[in-house]
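Heads up, work-v7.txt below (compact mmCIF, C-alpha atoms):
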# COMPACT_ATOMS: atom_id res chain seq x y z
CA MET A 15 0.92 -64.06 -8.41
CA LYS A 16 2.80 -63.59 -5.17
CA PHE A 17 0.78 -62.60 -2.13
CA LEU A 18 2.01 -61.19 1.16
CA ASP A 19 0.67 -62.95 4.23
CA THR A 20 -0.20 -60.52 7.03
CA LYS A 21 -0.29 -63.37 9.59
CA CYS A 22 -3.51 -62.27 11.20
CA ALA A 23 -5.92 -64.37 13.20
CA PHE A 24 -9.48 -63.11 13.59
CA SER A 25 -12.88 -64.33 14.63
CA MET A 26 -16.03 -62.95 13.05
CA PRO A 27 -19.12 -62.62 15.31
CA LEU A 28 -22.17 -63.27 13.19
CA PHE A 29 -25.80 -64.05 13.71
CA HIS A 30 -25.69 -67.58 15.08
CA GLN A 31 -28.67 -69.89 14.89
CA PRO A 32 -28.32 -72.60 17.54
CA ARG A 33 -29.66 -76.08 17.03
CA GLY A 34 -32.70 -77.38 18.87
CA ARG A 35 -35.81 -75.63 20.00
CA MET A 36 -34.35 -72.13 19.64
CA SER A 37 -33.61 -72.56 15.96
CA GLY A 38 -37.04 -71.25 15.02
CA ARG A 39 -36.64 -68.19 17.20
CA VAL A 40 -33.16 -66.84 16.68
CA GLN A 41 -32.45 -66.04 13.08
CA ALA A 42 -30.46 -63.69 10.90
CA SER A 43 -32.22 -60.80 9.26
CA THR A 44 -31.86 -60.59 5.50
CA THR A 45 -31.32 -57.01 4.37
CA GLN A 46 -30.76 -55.48 0.95
CA LEU A 47 -27.31 -54.01 0.41
CA PRO A 48 -26.99 -50.21 0.32
CA GLU A 49 -26.89 -48.87 -3.22
CA ARG A 50 -23.18 -47.98 -3.23
CA LEU A 51 -22.11 -51.30 -1.77
CA ASP A 52 -24.40 -53.21 -4.12
CA THR A 53 -22.82 -51.41 -7.09
CA ILE A 54 -19.32 -52.31 -5.91
CA VAL A 55 -20.26 -55.97 -5.45
CA ALA A 56 -21.77 -56.06 -8.94
CA SER A 57 -18.66 -54.50 -10.48
CA PHE A 58 -16.37 -57.12 -8.91
CA LYS A 59 -18.70 -59.99 -9.85
CA ALA A 60 -18.58 -58.78 -13.46
CA VAL A 61 -14.80 -59.36 -13.55
CA PRO A 62 -14.04 -63.12 -13.73
CA ASP A 63 -10.23 -62.80 -13.78
CA PRO A 64 -8.64 -62.81 -10.27
CA MET A 65 -5.74 -60.67 -11.54
CA GLN A 66 -8.16 -58.01 -12.77
CA ARG A 67 -9.95 -58.00 -9.43
CA TYR A 68 -6.59 -57.55 -7.74
CA LYS A 69 -5.92 -54.55 -10.00
CA GLN A 70 -9.34 -53.16 -9.13
CA LEU A 71 -8.34 -53.14 -5.45
CA LEU A 72 -5.15 -51.25 -6.27
CA PHE A 73 -7.26 -48.74 -8.21
CA TYR A 74 -9.46 -48.20 -5.13
CA ALA A 75 -6.32 -47.70 -3.06
CA SER A 76 -5.15 -44.93 -5.37
CA LYS A 77 -8.39 -43.02 -4.87
CA ILE A 78 -8.43 -42.90 -1.06
CA GLU A 79 -7.19 -39.81 0.75
CA PRO A 80 -4.43 -40.41 3.34
CA LEU A 81 -5.42 -39.99 6.98
CA GLU A 82 -3.93 -37.25 9.10
CA GLY A 83 -1.72 -38.44 11.91
CA ALA A 84 -4.25 -37.34 14.55
CA TYR A 85 -6.63 -40.07 13.37
CA LYS A 86 -4.03 -42.85 13.50
CA VAL A 87 -4.71 -43.76 17.11
CA GLU A 88 -5.27 -47.10 18.81
CA GLU A 89 -9.07 -46.83 18.96
CA ASN A 90 -9.25 -46.48 15.16
CA LYS A 91 -6.78 -49.26 14.41
CA VAL A 92 -7.83 -52.68 13.14
CA LYS A 93 -6.19 -54.94 15.70
CA GLY A 94 -4.25 -58.16 15.19
CA CYS A 95 -2.70 -57.55 11.78
CA VAL A 96 0.87 -56.85 10.69
CA SER A 97 -0.41 -54.32 8.16
CA GLN A 98 -1.59 -51.21 9.96
CA VAL A 99 -5.15 -50.17 9.12
CA TRP A 100 -7.24 -47.35 10.57
CA VAL A 101 -10.94 -46.59 10.02
CA VAL A 102 -12.68 -43.40 11.16
CA PRO A 103 -16.39 -42.49 10.96
CA GLN A 104 -17.67 -38.94 10.66
CA VAL A 105 -21.36 -38.24 11.21
CA GLN A 106 -22.86 -35.77 8.75
CA GLU A 107 -25.64 -33.24 9.38
CA ASP A 108 -28.22 -35.56 7.82
CA GLY A 109 -27.30 -38.39 10.23
CA THR A 110 -25.40 -40.45 7.67
CA VAL A 111 -21.79 -41.57 8.12
CA GLN A 112 -18.81 -40.67 5.97
CA TRP A 113 -15.86 -43.02 6.46
CA MET A 114 -12.14 -42.38 6.23
CA ALA A 115 -9.41 -45.03 6.23
CA ASP A 116 -5.73 -45.61 5.60
CA SER A 117 -3.14 -48.39 5.67
CA ASP A 118 0.60 -48.85 5.29
CA SER A 119 -0.08 -51.60 2.71
CA GLN A 120 -1.37 -50.68 -0.72
CA LEU A 121 -3.49 -53.81 -1.10
CA THR A 122 -4.98 -53.47 2.38
CA LYS A 123 -5.64 -49.81 1.61
CA GLY A 124 -7.63 -50.96 -1.41
CA LEU A 125 -9.77 -53.24 0.77
CA ALA A 126 -10.34 -50.38 3.21
CA ALA A 127 -11.21 -48.00 0.38
CA LEU A 128 -13.79 -50.47 -0.92
CA LEU A 129 -15.54 -50.45 2.46
CA VAL A 130 -15.19 -46.67 2.80
CA GLN A 131 -17.02 -46.14 -0.49
CA GLY A 132 -19.60 -48.88 0.13
CA LEU A 133 -20.51 -47.91 3.70
CA SER A 134 -20.49 -44.11 3.36
CA GLY A 135 -23.67 -42.11 2.87
CA ILE A 136 -25.89 -44.35 5.02
CA THR A 137 -26.93 -44.24 8.67
CA PRO A 138 -25.26 -46.14 11.53
CA LYS A 139 -28.35 -48.33 11.89
CA GLU A 140 -28.17 -49.29 8.23
CA ILE A 141 -24.50 -50.20 8.60
CA ILE A 142 -24.98 -52.55 11.56
CA THR A 143 -27.76 -54.48 9.81
CA ILE A 144 -25.58 -55.41 6.82
CA GLN A 145 -24.70 -59.10 6.77
CA PRO A 146 -21.10 -60.04 5.78
CA GLU A 147 -22.11 -62.41 2.99
CA PHE A 148 -21.41 -59.64 0.46
CA ILE A 149 -17.67 -60.19 1.09
CA THR A 150 -17.95 -63.68 -0.40
CA GLU A 151 -19.92 -62.28 -3.35
CA LEU A 152 -17.03 -59.95 -4.17
CA GLY A 153 -15.07 -63.04 -5.25
CA LEU A 154 -11.77 -61.89 -3.80
CA GLN A 155 -10.82 -65.17 -2.14
CA GLN A 156 -8.65 -66.23 -5.08
CA SER A 157 -6.90 -62.86 -5.16
CA LEU A 158 -6.09 -62.74 -1.44
CA THR A 159 -4.39 -64.96 1.09
CA PRO A 160 -6.64 -66.39 3.85
CA SER A 161 -5.13 -63.98 6.38
CA ARG A 162 -5.96 -60.98 4.19
CA ASN A 163 -9.51 -62.26 3.72
CA ASN A 164 -9.81 -62.48 7.51
CA GLY A 165 -8.34 -59.01 7.83
CA PHE A 166 -11.00 -57.69 5.46
CA LEU A 167 -13.69 -59.24 7.66
CA ASN A 168 -12.12 -57.62 10.68
CA MET A 169 -12.19 -54.18 9.04
CA PHE A 170 -15.89 -54.62 8.40
CA LYS A 171 -16.42 -55.80 11.98
CA LEU A 172 -14.67 -52.74 13.42
CA MET A 173 -16.71 -50.40 11.21
CA GLN A 174 -19.92 -52.06 12.38
CA SER A 175 -18.77 -51.76 15.99
CA LYS A 176 -18.12 -48.05 15.54
CA ALA A 177 -21.49 -47.63 13.80
CA LEU A 178 -23.17 -49.36 16.74
CA GLU A 179 -21.56 -46.91 19.15
CA LEU A 180 -22.76 -43.99 17.03
CA ALA A 181 -26.29 -45.39 16.95
CA MET A 182 -26.30 -45.76 20.73
CA GLU A 183 -25.00 -42.21 21.17
CA SER A 184 -27.89 -41.00 19.03
CA VAL A 185 -30.41 -42.98 21.07
CA ASN A 186 -28.93 -41.74 24.36
CA ALA A 187 -28.91 -38.13 23.13
CA ALA A 188 -32.57 -38.39 22.14
CA SER A 189 -33.48 -39.91 25.50
CA SER A 190 -31.55 -37.21 27.34
CA GLY A 191 -33.31 -34.50 25.35
CA ALA A 192 -36.72 -35.99 26.12
CA ALA A 193 -35.87 -36.22 29.82
CA THR A 194 -34.72 -32.59 29.89
CA ALA A 195 -37.92 -31.46 28.16
CA GLY A 196 -39.98 -33.46 30.62
CA ALA A 197 -38.18 -31.93 33.57
CA ARG A 198 -38.67 -28.45 32.14
CA ASP A 199 -42.41 -29.05 31.65
CA ALA A 200 -42.70 -30.38 35.17
CA THR A 201 -41.33 -27.15 36.66
CA VAL A 202 -43.77 -24.87 34.81
CA ASN A 203 -46.55 -25.42 37.35
CA ASP A 204 -45.49 -24.50 40.89
CA THR A 205 -48.73 -25.79 42.43
CA PRO A 206 -47.97 -28.37 45.16
CA VAL A 207 -48.76 -31.93 44.10
CA GLU A 208 -51.16 -33.88 46.26
CA SER A 209 -49.85 -37.06 47.91
CA ASP A 210 -51.99 -39.40 45.79
CA GLN A 211 -50.68 -37.72 42.64
CA GLU A 212 -47.12 -38.24 43.88
CA GLU A 213 -47.79 -41.94 44.44
CA HIS A 214 -49.28 -42.28 40.96
CA HIS A 215 -46.25 -40.52 39.43
CA SER A 216 -43.90 -42.83 41.33
CA GLU A 217 -45.72 -45.88 39.98
CA GLU A 218 -45.40 -44.57 36.44
CA GLN A 219 -41.65 -44.11 36.90
CA GLU A 220 -41.30 -47.69 38.06
CA THR A 221 -43.10 -48.98 34.95
CA SER A 222 -40.51 -49.27 32.18
CA SER A 223 -41.41 -48.78 28.53
CA THR A 224 -38.63 -51.23 27.58
CA PRO A 225 -39.03 -54.21 29.95
CA VAL A 226 -37.37 -56.73 27.62
CA GLY A 227 -34.34 -54.55 26.97
CA ASP A 228 -34.06 -53.81 30.69
CA SER A 229 -34.24 -57.52 31.49
CA ILE A 230 -31.55 -58.32 28.90
CA ARG A 231 -29.25 -55.66 30.35
CA ARG A 232 -29.82 -56.79 33.93
CA LYS A 233 -29.13 -60.45 33.20
CA LEU A 234 -26.06 -59.84 31.06
CA GLU A 235 -24.58 -57.48 33.64
CA GLN A 236 -25.21 -60.00 36.40
CA GLU A 237 -23.91 -63.09 34.60
CA LEU A 238 -21.10 -61.70 32.44
CA GLU A 239 -19.91 -58.66 34.42
CA PRO A 240 -19.09 -56.86 31.15
CA THR A 241 -16.61 -54.03 30.88
CA LYS A 242 -18.70 -52.78 27.96
CA LEU A 243 -22.32 -53.51 27.13
CA VAL A 244 -24.18 -51.85 24.25
CA ILE A 245 -27.78 -52.90 23.53
CA LEU A 246 -29.55 -51.50 20.48
CA ASP A 247 -33.25 -52.20 19.89
CA GLU A 248 -33.74 -52.77 16.14
CA SER A 249 -37.38 -53.87 16.42
CA SER A 250 -38.78 -50.97 14.42
CA ARG A 251 -36.85 -52.17 11.36
CA HIS A 252 -38.48 -55.60 11.57
CA ALA A 253 -42.11 -54.77 12.35
CA ASN A 254 -43.41 -56.71 9.34
CA HIS A 255 -41.45 -59.77 10.42
CA ALA A 256 -42.94 -59.58 13.91
CA GLU A 257 -46.43 -59.47 12.43
CA ARG A 258 -45.74 -62.53 10.28
CA MET A 259 -44.50 -64.40 13.34
CA GLY A 260 -47.73 -63.53 15.14
CA ALA A 261 -45.92 -61.83 18.03
CA ALA A 262 -48.14 -60.61 20.81
CA SER A 263 -45.88 -57.59 21.19
CA GLN A 264 -44.80 -55.62 18.13
CA GLY A 265 -41.87 -54.08 20.04
CA GLU A 266 -38.61 -55.37 21.50
CA THR A 267 -38.23 -58.28 19.09
CA HIS A 268 -34.82 -57.67 17.48
CA PHE A 269 -31.65 -56.57 19.26
CA THR A 270 -28.03 -55.89 18.34
CA ILE A 271 -25.79 -56.42 21.36
CA GLU A 272 -22.06 -55.77 21.84
CA ILE A 273 -20.50 -57.37 24.93
CA VAL A 274 -16.93 -57.14 26.20
CA SER A 275 -16.34 -59.57 29.06
CA ASP A 276 -13.61 -61.67 30.70
CA LYS A 277 -16.13 -64.51 30.75
CA PHE A 278 -15.45 -65.05 27.03
CA GLN A 279 -11.80 -65.95 27.60
CA GLY A 280 -10.93 -69.25 25.91
CA LEU A 281 -14.33 -69.59 24.22
CA THR A 282 -14.93 -69.77 20.48
CA SER A 283 -17.41 -67.36 18.89
CA ILE A 284 -20.06 -70.09 18.77
CA LYS A 285 -19.60 -70.97 22.45
CA ARG A 286 -19.78 -67.29 23.41
CA HIS A 287 -23.05 -66.92 21.54
CA ARG A 288 -24.47 -70.06 23.14
CA LEU A 289 -23.53 -68.68 26.55
CA VAL A 290 -25.48 -65.50 25.84
CA TYR A 291 -28.45 -67.45 24.45
CA GLY A 292 -28.52 -69.53 27.63
CA ILE A 293 -28.57 -66.41 29.80
CA LEU A 294 -31.38 -64.90 27.73
CA GLU A 295 -33.37 -68.13 27.31
CA GLU A 296 -36.51 -66.63 28.83
CA GLU A 297 -36.45 -63.64 26.48
CA LEU A 298 -35.80 -65.84 23.44
CA GLU A 299 -38.77 -68.01 24.40
CA GLY A 300 -40.82 -64.82 24.66
CA SER A 301 -40.94 -61.82 22.34
CA VAL A 302 -37.33 -61.78 21.10
CA HIS A 303 -37.00 -63.16 17.56
CA ALA A 304 -33.37 -62.36 16.74
CA LEU A 305 -30.13 -61.29 18.35
CA SER A 306 -27.10 -59.95 16.48
CA LEU A 307 -24.13 -60.48 18.79
CA VAL A 308 -20.66 -58.98 18.93
CA THR A 309 -18.76 -60.82 21.68
CA LYS A 310 -15.21 -59.86 22.67
CA THR A 311 -12.72 -60.26 25.48
CA PRO A 312 -11.13 -57.05 26.85
CA GLU A 313 -7.97 -57.90 24.89
CA GLU A 314 -9.96 -58.09 21.64
CA ALA A 315 -11.90 -54.86 22.24
Using structure tokens, write down the structure that the file contains.
Amino acid sequence: MKFLDTKCAFSMPLFHQPRGRMSGRVQASTTQLPERLDTIVASFKAVPDPMQRYKQLLFYASKIEPLEGAYKVEENKVKGCVSQVWVVPQVQEDGTVQWMADSDSQLTKGLAALLVQGLSGITPKEIITIQPEFITELGLQQSLTPSRNNGFLNMFKLMQSKALELAMESVNAASSGAATAGARDATVNDTPVESDQEEHHSEEQETSSTPVGDSIRRKLEQELEPTKLVILDESSRHANHAERMGAASQGETHFTIEIVSDKFQGLTSIKRHRLVYGILEEELEGSVHALSLVTKTPEEA
């Protein structure tokens, strides 16, 4: 079989577990695949012939709807590949995501269609917790060139990045709504507040409910001067793990962090992660059990 090489070069930011004393603290979370994605993986694993798997991809490509031109913009494009690929998320009323995608290459369109079907119908938080090992389980390595395998990883990475942004928008919207409600309640009573009550209220404002997250943000902003910094607290999804670890605090234990910074120029993915771990050493020695990192330079973002 003849394969076309898309001549792409990508790096894949994954959970990284450094050697040494941190190895028992920073670890990847193991999550079950969403039902649709699990079904797709099983269907590919059931086909031992690489040629048949290749044909399966072409079948997926034939089922995907073409994207309208308005969606084919730079922010939706998978960067660094000769084949043009675009992925677009649409949030549904129930909070789940429906994906759309397109490509100028039929085989690449099949890869995109596979992810569209597998990652649709679940929430942004569920998407960003999926580990990329399922790509190996699909058994497509023999059907694809190394560059196309890397391109597939990069599609998945971009979709997770977009899901992370959607999750943060949801968190920010909820926080904004709570703040607005609080301000409205505060204006109901026009009775002047005594000075000691004002002092007490000021102290409450200074006490953060997310001290670890605040500390992480402060340190990363100071040390890395990021052009983009997204921090998502995933602790609620890992409460049982925190209990097993005997954590004193059941909150702020697991974070997904996306960082875009010039400080990552010339560094491999592993060195970028080690740089972040060094900055957050105090937090990792404290309540934080795991970090999922997406580290990019401005050119890669």
What's the 12 Å shell around Thr143 (chain A), counting all atoms listed in the file, without same-chain residues fewer than 2 positions away, as an NGL selection string?
:A and (28-29 or 42-48 or 133 or 136-141 or 145-147 or 170-171 or 173-175 or 177-178 or 181 or 246-249 or 251-252 or 268-271 or 304-307)
Using all atoms listed in the file, the best pick from A:Ser223, A:Ser57, A:Thr241, A:Thr150 as closest to Gly265 (chain A) would be A:Ser223
Give me, as JSON, numbers by chain, all polymer residues having an atom no more than 7 Å from Leu128 (chain A), counting all atoms listed in the file and skipping those fewer than 4 positions away in the same chain.
{"A": [74, 124, 132]}
Nearest-residue call for Gly300 (chain A), choices A:Val226, A:Ile54, A:Ile245, A:Val274, using all atoms listed in the file:
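Using all atoms listed in the file, the shortest distance to Gly300 (chain A) belongs to A:Val226.
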Met114 (chain A) surroundings by only C-alpha atoms, 7 Å radius, close-in-sequence under 6 positions cut, as a list of chain:residue names:
A:Val101, A:Val102, A:Pro103, A:Val130
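Computed from the coordinates, the CA of Ser97 (chain A) to CA of Lys176 (chain A) distance equals 20.2 Å.
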What lies within 9 Å of Lys310 (chain A) using all atoms listed in the file, ignoring chain neighbours under 6 positions off, as a ChimeraX atom specification?
/A:27,272-276,278-279,283,286
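Distance check against Gly292 (chain A) using all atoms listed in the file: of A:Ala60, A:Leu234, A:Met182, A:Ala315, the minimum falls on A:Leu234.
Separating CA of Tyr85 (chain A) from CA of Trp113 (chain A) is a distance of 11.9 Å.
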